[in-house]
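Text of work-v8.cif (mmCIF, C-alpha atoms, pLDDT in the B column; chains and numbers go by the auth columns) as supplied:
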data_coords
#
loop_
_atom_site.group_PDB
_atom_site.id
_atom_site.type_symbol
_atom_site.label_atom_id
_atom_site.label_comp_id
_atom_site.label_asym_id
_atom_site.label_seq_id
_atom_site.Cartn_x
_atom_site.Cartn_y
_atom_site.Cartn_z
_atom_site.B_iso_or_equiv
_atom_site.auth_seq_id
_atom_site.auth_asym_id
ATOM 1 C CA LEU A 1 -10.540 29.645 25.318 50.00 1 A
ATOM 2 C CA MET A 2 -12.890 31.101 27.943 55.00 2 A
ATOM 3 C CA ALA A 3 -14.436 33.430 25.355 61.00 3 A
ATOM 4 C CA ARG A 4 -15.038 30.453 23.072 61.00 4 A
ATOM 5 C CA LEU A 5 -16.639 28.475 25.908 57.00 5 A
ATOM 6 C CA ARG A 6 -18.891 31.399 26.785 64.00 6 A
ATOM 7 C CA LYS A 7 -19.916 31.850 23.151 65.00 7 A
ATOM 8 C CA ALA A 8 -20.762 28.134 22.795 64.00 8 A
ATOM 9 C CA ALA A 9 -22.746 28.191 26.048 63.00 9 A
ATOM 10 C CA ARG A 10 -24.634 31.260 24.850 70.00 10 A
ATOM 11 C CA ILE A 11 -25.460 29.660 21.490 69.00 11 A
ATOM 12 C CA TRP A 12 -26.555 26.353 23.066 67.00 12 A
ATOM 13 C CA GLY A 13 -28.520 28.259 25.708 66.00 13 A
ATOM 14 C CA ASP A 14 -30.786 29.675 23.009 72.00 14 A
ATOM 15 C CA PRO A 15 -33.621 27.103 22.755 73.00 15 A
ATOM 16 C CA LYS A 16 -34.155 27.752 19.036 77.00 16 A
ATOM 17 C CA ALA A 17 -30.452 27.350 18.222 75.00 17 A
ATOM 18 C CA ARG A 18 -30.248 24.232 20.383 74.00 18 A
ATOM 19 C CA GLU A 19 -33.242 22.674 18.613 78.00 19 A
ATOM 20 C CA ILE A 20 -31.624 23.404 15.217 78.00 20 A
ATOM 21 C CA GLY A 21 -28.319 21.934 16.434 78.00 21 A
ATOM 22 C CA GLN A 22 -29.908 18.804 17.868 77.00 22 A
ATOM 23 C CA ARG A 23 -31.473 18.039 14.494 77.00 23 A
ATOM 24 C CA ALA A 24 -27.965 17.784 13.008 77.00 24 A
ATOM 25 C CA LEU A 25 -26.500 15.731 15.882 75.00 25 A
ATOM 26 C CA ILE A 26 -26.126 11.962 15.766 76.00 26 A
ATOM 27 C CA THR A 27 -26.501 10.506 19.257 72.00 27 A
ATOM 28 C CA PRO A 28 -25.021 6.995 19.284 62.00 28 A
ATOM 29 C CA ASP A 29 -26.924 4.439 21.323 61.00 29 A
ATOM 30 C CA ASP A 30 -24.738 3.317 24.241 55.00 30 A
ATOM 31 C CA ARG A 31 -25.793 -0.283 23.628 50.00 31 A
ATOM 32 C CA VAL A 32 -25.041 -0.287 19.889 53.00 32 A
ATOM 33 C CA PHE A 33 -21.417 -0.028 18.834 58.00 33 A
ATOM 34 C CA THR A 34 -21.963 0.967 15.243 70.00 34 A
ATOM 35 C CA ILE A 35 -22.684 3.985 13.084 80.00 35 A
ATOM 36 C CA ASP A 36 -25.030 3.043 10.248 85.00 36 A
ATOM 37 C CA PRO A 37 -25.154 5.831 7.603 88.00 37 A
ATOM 38 C CA PRO A 38 -28.157 4.425 5.645 90.00 38 A
ATOM 39 C CA ALA A 39 -30.173 4.411 8.880 87.00 39 A
ATOM 40 C CA ILE A 40 -28.998 7.941 9.777 88.00 40 A
ATOM 41 C CA PHE A 41 -29.697 9.496 6.370 92.00 41 A
ATOM 42 C CA GLY A 42 -32.557 7.274 5.240 92.00 42 A
ATOM 43 C CA ARG A 43 -30.880 6.365 1.962 94.00 43 A
ATOM 44 C CA ARG A 44 -27.875 4.577 0.495 95.00 44 A
ATOM 45 C CA ALA A 45 -25.342 7.079 -0.826 97.00 45 A
ATOM 46 C CA PRO A 46 -21.573 7.588 -0.777 97.00 46 A
ATOM 47 C CA VAL A 47 -20.483 8.678 2.716 97.00 47 A
ATOM 48 C CA GLU A 48 -17.668 11.152 3.438 98.00 48 A
ATOM 49 C CA ILE A 49 -16.361 11.752 6.960 97.00 49 A
ATOM 50 C CA GLU A 50 -14.397 14.730 8.226 96.00 50 A
ATOM 51 C CA ILE A 51 -12.401 13.981 11.364 95.00 51 A
ATOM 52 C CA GLY A 52 -11.845 17.074 13.491 92.00 52 A
ATOM 53 C CA ALA A 53 -14.336 19.225 11.595 92.00 53 A
ATOM 54 C CA GLY A 54 -13.910 22.274 13.858 88.00 54 A
ATOM 55 C CA LYS A 55 -16.593 24.849 13.164 87.00 55 A
ATOM 56 C CA GLY A 56 -17.441 23.183 9.867 91.00 56 A
ATOM 57 C CA GLU A 57 -16.065 25.757 7.420 91.00 57 A
ATOM 58 C CA PHE A 58 -15.062 23.071 4.940 94.00 58 A
ATOM 59 C CA ILE A 59 -17.657 20.350 5.386 94.00 59 A
ATOM 60 C CA ILE A 60 -20.713 22.627 5.239 94.00 60 A
ATOM 61 C CA GLU A 61 -19.482 24.057 1.928 94.00 61 A
ATOM 62 C CA HIS A 62 -18.537 20.611 0.622 96.00 62 A
ATOM 63 C CA ALA A 63 -21.855 18.991 1.593 95.00 63 A
ATOM 64 C CA ALA A 64 -23.749 21.806 -0.162 95.00 64 A
ATOM 65 C CA GLU A 65 -21.682 21.150 -3.329 96.00 65 A
ATOM 66 C CA PHE A 66 -22.489 17.420 -3.385 97.00 66 A
ATOM 67 C CA PRO A 67 -26.137 16.804 -2.374 96.00 67 A
ATOM 68 C CA GLU A 68 -25.945 13.268 -3.802 97.00 68 A
ATOM 69 C CA ARG A 69 -23.408 12.297 -1.099 97.00 69 A
ATOM 70 C CA ASP A 70 -23.829 12.087 2.681 97.00 70 A
ATOM 71 C CA PHE A 71 -21.428 13.686 5.157 97.00 71 A
ATOM 72 C CA ILE A 72 -20.563 13.114 8.811 95.00 72 A
ATOM 73 C CA ALA A 73 -18.590 15.739 10.751 94.00 73 A
ATOM 74 C CA VAL A 74 -16.725 14.325 13.761 93.00 74 A
ATOM 75 C CA GLU A 75 -15.579 16.408 16.743 91.00 75 A
ATOM 76 C CA LEU A 76 -14.444 15.444 20.228 89.00 76 A
ATOM 77 C CA SER A 77 -14.784 18.755 22.087 85.00 77 A
ATOM 78 C CA ALA A 78 -18.307 19.271 23.473 82.00 78 A
ATOM 79 C CA THR A 79 -17.936 23.033 23.070 84.00 79 A
ATOM 80 C CA VAL A 80 -16.868 22.890 19.433 85.00 80 A
ATOM 81 C CA THR A 81 -19.437 20.172 18.642 87.00 81 A
ATOM 82 C CA ARG A 82 -22.278 22.403 19.808 87.00 82 A
ATOM 83 C CA VAL A 83 -21.157 25.326 17.653 86.00 83 A
ATOM 84 C CA LEU A 84 -20.608 22.938 14.734 88.00 84 A
ATOM 85 C CA ALA A 85 -24.049 21.322 15.136 89.00 85 A
ATOM 86 C CA VAL A 86 -25.824 24.684 15.187 89.00 86 A
ATOM 87 C CA ARG A 87 -23.919 25.859 12.103 89.00 87 A
ATOM 88 C CA CYS A 88 -24.680 22.599 10.287 89.00 88 A
ATOM 89 C CA GLY A 89 -28.320 22.747 11.345 88.00 89 A
ATOM 90 C CA ARG A 90 -28.654 26.344 10.131 90.00 90 A
ATOM 91 C CA ALA A 91 -27.202 25.314 6.762 92.00 91 A
ATOM 92 C CA GLY A 92 -30.344 23.169 6.359 91.00 92 A
ATOM 93 C CA LEU A 93 -28.568 20.321 4.600 90.00 93 A
ATOM 94 C CA ASP A 94 -30.277 16.931 4.740 91.00 94 A
ATOM 95 C CA ASN A 95 -26.995 15.211 3.810 95.00 95 A
ATOM 96 C CA LEU A 96 -24.908 16.486 6.752 94.00 96 A
ATOM 97 C CA ARG A 97 -24.811 15.242 10.357 92.00 97 A
ATOM 98 C CA VAL A 98 -22.528 15.835 13.333 92.00 98 A
ATOM 99 C CA VAL A 99 -21.278 13.319 15.882 90.00 99 A
ATOM 100 C CA ARG A 100 -19.375 14.043 19.076 90.00 100 A
ATOM 101 C CA MET A 101 -16.937 11.191 19.475 89.00 101 A
ATOM 102 C CA ASP A 102 -13.276 10.276 19.673 90.00 102 A
ATOM 103 C CA ALA A 103 -12.378 9.625 16.032 91.00 103 A
ATOM 104 C CA ARG A 104 -10.380 6.564 17.052 92.00 104 A
ATOM 105 C CA THR A 105 -13.492 4.984 18.553 90.00 105 A
ATOM 106 C CA LEU A 106 -15.472 5.764 15.423 91.00 106 A
ATOM 107 C CA VAL A 107 -12.926 4.462 12.920 94.00 107 A
ATOM 108 C CA ASN A 108 -11.593 1.507 14.915 92.00 108 A
ATOM 109 C CA LEU A 109 -14.866 0.189 16.290 89.00 109 A
ATOM 110 C CA MET A 110 -18.057 1.680 14.891 88.00 110 A
ATOM 111 C CA LEU A 111 -17.856 1.690 11.108 91.00 111 A
ATOM 112 C CA PRO A 112 -18.456 -1.361 8.913 89.00 112 A
ATOM 113 C CA ASP A 113 -15.800 -2.534 6.452 93.00 113 A
ATOM 114 C CA ALA A 114 -15.719 -0.701 3.095 94.00 114 A
ATOM 115 C CA SER A 115 -18.477 1.721 4.146 93.00 115 A
ATOM 116 C CA VAL A 116 -16.775 5.111 3.624 97.00 116 A
ATOM 117 C CA SER A 117 -16.215 6.880 0.279 97.00 117 A
ATOM 118 C CA ALA A 118 -13.759 9.477 1.586 98.00 118 A
ATOM 119 C CA TYR A 119 -12.074 10.627 4.776 98.00 119 A
ATOM 120 C CA HIS A 120 -11.038 14.246 5.265 97.00 120 A
ATOM 121 C CA ILE A 121 -8.434 14.714 8.008 96.00 121 A
ATOM 122 C CA TYR A 122 -7.110 18.254 8.085 95.00 122 A
ATOM 123 C CA TYR A 123 -4.669 19.700 10.612 91.00 123 A
ATOM 124 C CA PRO A 124 -4.858 17.089 13.382 89.00 124 A
ATOM 125 C CA ASP A 125 -3.133 18.210 16.583 84.00 125 A
ATOM 126 C CA PRO A 126 0.581 17.323 16.141 73.00 126 A
ATOM 127 C CA TRP A 127 1.197 16.979 19.908 57.00 127 A
ATOM 128 C CA PRO A 128 4.843 18.027 19.390 59.00 128 A
ATOM 129 C CA LYS A 129 6.160 17.244 22.885 61.00 129 A
ATOM 130 C CA GLU A 130 7.673 13.782 23.309 63.00 130 A
ATOM 131 C CA ARG A 131 5.536 12.966 26.340 57.00 131 A
ATOM 132 C CA HIS A 132 2.349 13.766 24.378 53.00 132 A
ATOM 133 C CA VAL A 133 3.059 11.616 21.306 62.00 133 A
ATOM 134 C CA LYS A 134 0.627 8.974 22.588 68.00 134 A
ATOM 135 C CA HIS A 135 -2.211 11.463 22.040 68.00 135 A
ATOM 136 C CA ARG A 136 -1.594 11.748 18.303 80.00 136 A
ATOM 137 C CA LEU A 137 -4.447 10.688 16.059 89.00 137 A
ATOM 138 C CA PHE A 138 -2.312 8.921 13.475 92.00 138 A
ATOM 139 C CA THR A 139 -1.012 5.516 14.527 93.00 139 A
ATOM 140 C CA PRO A 140 -0.550 2.316 12.518 94.00 140 A
ATOM 141 C CA THR A 141 -3.721 0.979 14.189 94.00 141 A
ATOM 142 C CA LEU A 142 -5.851 3.957 13.146 94.00 142 A
ATOM 143 C CA VAL A 143 -4.436 3.965 9.609 97.00 143 A
ATOM 144 C CA ALA A 144 -5.181 0.228 9.267 97.00 144 A
ATOM 145 C CA SER A 145 -8.762 1.011 10.325 97.00 145 A
ATOM 146 C CA LEU A 146 -8.992 3.852 7.791 97.00 146 A
ATOM 147 C CA PHE A 147 -7.924 1.343 5.128 97.00 147 A
ATOM 148 C CA ARG A 148 -10.415 -1.281 6.333 96.00 148 A
ATOM 149 C CA THR A 149 -13.380 1.106 6.427 96.00 149 A
ATOM 150 C CA VAL A 150 -12.928 2.798 3.033 97.00 150 A
ATOM 151 C CA GLU A 151 -14.351 1.251 -0.116 96.00 151 A
ATOM 152 C CA PRO A 152 -11.928 0.026 -2.778 97.00 152 A
ATOM 153 C CA GLY A 153 -11.098 3.057 -4.916 96.00 153 A
ATOM 154 C CA ALA A 154 -11.983 5.498 -2.103 97.00 154 A
ATOM 155 C CA THR A 155 -9.655 8.238 -0.877 97.00 155 A
ATOM 156 C CA ALA A 156 -8.339 9.565 2.434 98.00 156 A
ATOM 157 C CA TYR A 157 -7.331 13.224 2.244 98.00 157 A
ATOM 158 C CA VAL A 158 -4.790 14.499 4.768 97.00 158 A
ATOM 159 C CA ALA A 159 -3.220 17.900 5.490 94.00 159 A
ATOM 160 C CA THR A 160 -0.950 19.244 8.213 93.00 160 A
ATOM 161 C CA ASP A 161 1.130 22.376 8.657 90.00 161 A
ATOM 162 C CA VAL A 162 3.885 20.423 10.459 89.00 162 A
ATOM 163 C CA ARG A 163 6.552 19.016 8.118 92.00 163 A
ATOM 164 C CA ASP A 164 7.764 16.369 10.581 91.00 164 A
ATOM 165 C CA TYR A 165 4.232 15.126 11.213 92.00 165 A
ATOM 166 C CA ALA A 166 3.611 14.838 7.457 94.00 166 A
ATOM 167 C CA GLY A 167 6.852 12.877 7.289 94.00 167 A
ATOM 168 C CA GLU A 168 5.355 10.342 9.713 94.00 168 A
ATOM 169 C CA ILE A 169 1.756 10.262 8.446 95.00 169 A
ATOM 170 C CA PHE A 170 2.394 9.863 4.721 97.00 170 A
ATOM 171 C CA PRO A 171 4.676 6.768 4.954 97.00 171 A
ATOM 172 C CA MET A 172 2.252 5.252 7.492 96.00 172 A
ATOM 173 C CA MET A 173 -0.599 5.568 4.984 97.00 173 A
ATOM 174 C CA LEU A 174 1.474 3.891 2.265 97.00 174 A
ATOM 175 C CA ALA A 175 2.553 1.102 4.630 97.00 175 A
ATOM 176 C CA ALA A 176 -1.134 0.333 5.336 97.00 176 A
ATOM 177 C CA GLY A 177 -1.786 -0.321 1.641 97.00 177 A
ATOM 178 C CA PHE A 178 -2.932 3.078 0.351 97.00 178 A
ATOM 179 C CA ILE A 179 -1.397 4.436 -2.858 97.00 179 A
ATOM 180 C CA ARG A 180 -0.558 8.109 -3.352 97.00 180 A
ATOM 181 C CA ALA A 181 -3.123 9.838 -5.570 96.00 181 A
ATOM 182 C CA VAL A 182 -2.452 12.927 -7.670 92.00 182 A
ATOM 183 C CA GLU A 183 -5.660 14.790 -6.835 91.00 183 A
ATOM 184 C CA ALA A 184 -5.505 17.681 -4.373 90.00 184 A
ATOM 185 C CA ALA A 185 -7.026 17.347 -0.913 93.00 185 A
ATOM 186 C CA PRO A 186 -10.187 19.493 -1.264 93.00 186 A
ATOM 187 C CA GLY A 187 -10.177 20.872 2.279 91.00 187 A
ATOM 188 C CA ALA A 188 -6.449 21.532 2.613 90.00 188 A
ATOM 189 C CA ASP A 189 -6.962 25.256 2.025 88.00 189 A
ATOM 190 C CA ARG A 190 -10.620 25.598 3.041 83.00 190 A
ATOM 191 C CA THR A 191 -10.797 24.840 6.777 85.00 191 A
ATOM 192 C CA GLY A 192 -10.656 27.616 9.360 81.00 192 A
ATOM 193 C CA PHE A 193 -7.116 26.575 10.314 80.00 193 A
ATOM 194 C CA ALA A 194 -6.026 26.387 6.667 84.00 194 A
ATOM 195 C CA ARG A 195 -7.175 29.903 5.903 84.00 195 A
ATOM 196 C CA LYS A 196 -5.133 31.242 8.828 84.00 196 A
ATOM 197 C CA TYR A 197 -2.030 29.289 7.785 83.00 197 A
ATOM 198 C CA VAL A 198 -2.261 30.328 4.144 82.00 198 A
ATOM 199 C CA ALA A 199 -2.891 33.976 5.078 85.00 199 A
ATOM 200 C CA ALA A 200 0.207 33.872 7.308 86.00 200 A
ATOM 201 C CA GLY A 201 2.276 32.418 4.445 85.00 201 A
ATOM 202 C CA LYS A 202 2.873 29.135 6.281 86.00 202 A
ATOM 203 C CA PRO A 203 3.536 26.013 4.206 88.00 203 A
ATOM 204 C CA VAL A 204 0.866 23.313 4.112 90.00 204 A
ATOM 205 C CA PHE A 205 1.656 19.621 3.550 94.00 205 A
ATOM 206 C CA SER A 206 -1.263 17.774 2.009 95.00 206 A
ATOM 207 C CA ALA A 207 -1.759 14.503 0.171 96.00 207 A
ATOM 208 C CA SER A 208 -4.452 12.151 -1.097 98.00 208 A
ATOM 209 C CA PHE A 209 -4.290 8.404 -0.544 98.00 209 A
ATOM 210 C CA ARG A 210 -6.421 5.936 -2.483 98.00 210 A
ATOM 211 C CA LYS A 211 -7.323 2.382 -1.590 97.00 211 A
ATOM 212 C CA PRO A 212 -6.583 0.232 -4.665 96.00 212 A
ATOM 213 C CA ARG A 213 -9.741 -0.851 -6.504 92.00 213 A
ATOM 214 C CA ASN A 214 -8.685 -4.489 -6.449 87.00 214 A
ATOM 215 C CA SER A 215 -7.965 -4.346 -2.729 73.00 215 A
ATOM 216 C CA THR A 216 -9.434 -6.532 -0.015 62.00 216 A
ATOM 217 C CA SER A 217 -9.007 -5.397 3.572 49.00 217 A
ATOM 218 C CA PRO A 218 -6.718 -7.535 5.718 49.00 218 A
#
Spell out the structure here as structure tokens.
Amino acid sequence: LMARLRKAARIWGDPKAREIGQRALITPDDRVFTIDPPAIFGRRAPVEIEIGAGKGEFIIEHAAEFPERDFIAVELSATVTRVLAVRCGRAGLDNLRVVRMDARTLVNLMLPDASVSAYHIYYPDPWPKERHVKHRLFTPTLVASLFRTVEPGATAYVATDVRDYAGEIFPMMLAAGFIRAVEAAPGADRTGFARKYVAAGKPVFSASFRKPRNSTSP
């Protein structure tokens, strides 16, 4: 951890790297409780959000593949966000931005209804100890907000390496109104975590959940 902190401080301490990173960063206005993708990107396009983007291995690749879509990478850790922002900035992609924020705040409070084309949520911390369960990302409230903020026909992609956590998340998604889709989750084997798990021969539990096209949010 200390080595990672030192590396991030070193990267952010380089004025050129910091300037590149700041170009990719979204800084929400404390007075405005919304994230408005058309204002951020200067166009109207499908918007995909990765929650817990880490160092951006997946989303940088994915944003480069789909220049006609816009992408927001969300991270909570200041250290990781800085590394992520510099990497995204160096990729030189006009359709990719980074925001440092608690994903629950973003999804529950800051996004308009039916404004997101896809969510990518890969390997969220399972918080396995009983006393830490309250820290888990997935709750019925968050899942209801995922459902509210995706467009009809849009998809939420989820992956975890913890069987029990998958056994909680997947039914929760269905209970909120999503239907199970057959397509593979595109980042399930492409994040930094995923590559380690796959290389170690660990099983990965992934699924895609679509909001029905005829759906109206509750």
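Look at Thr160 in chain A: the protein and nucleic acid residues within 12 Å of it, using only C-alpha atoms and passing over chain neighbours fewer than 5 places away, are His120, Ile121, Tyr122, Tyr123, Pro124, Asp125, Pro126, Phe138, Tyr165, Ala166, Gly167, Glu168, Ile169, Phe170, Ala185, Gly187, Ala188, Asp189, Thr191, Phe193, Ala194, Tyr197, Val198, Lys202, Pro203, Val204, Phe205, Ser206 and Ala207 of chain A.
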Counting all atoms listed in the file, which of A:Val80, A:Ile59, A:Ala184, A:Leu109 gets nearest to Asn95 in chain A? A:Ile59
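Each of A:Gly201, A:Ser215, A:Arg82, A:Arg104 was checked against Arg148 in chain A using all atoms listed in the file; the smallest atom-to-atom distance is that of A:Ser215.
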Could you list the residues chosen by the PyMOL selection byres ((chain A and resi 41-51) around 7) in this structure as a list in words? Pro37, Pro38, Ala39, Ile40, Gly52, Ala53, Glu68, Arg69, Asp70, Phe71, Ile72, Ala73, Val74, Glu75, Asn95, Ala103, Val116, Ser117, Ala118, Tyr119, His120 and Ile121 of chain A
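Straight-line separation from CA of Leu84 in chain A to CA of Lys55 in chain A: 4.7 Å.
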One decimal, in Å: what's the spacing between CA of Phe178 in chain A and CA of Asn108 in chain A? 17.0 Å
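Computed from the coordinates, the CA of Gly56 in chain A to CA of Ser208 in chain A distance equals 20.3 Å.
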The PyMOL selection byres ((chain A and resi 60) around 9) resolved against shown file, as a PyMOL selection string: chain A and resi 56-59+61-65+71+87-88+91+93+96
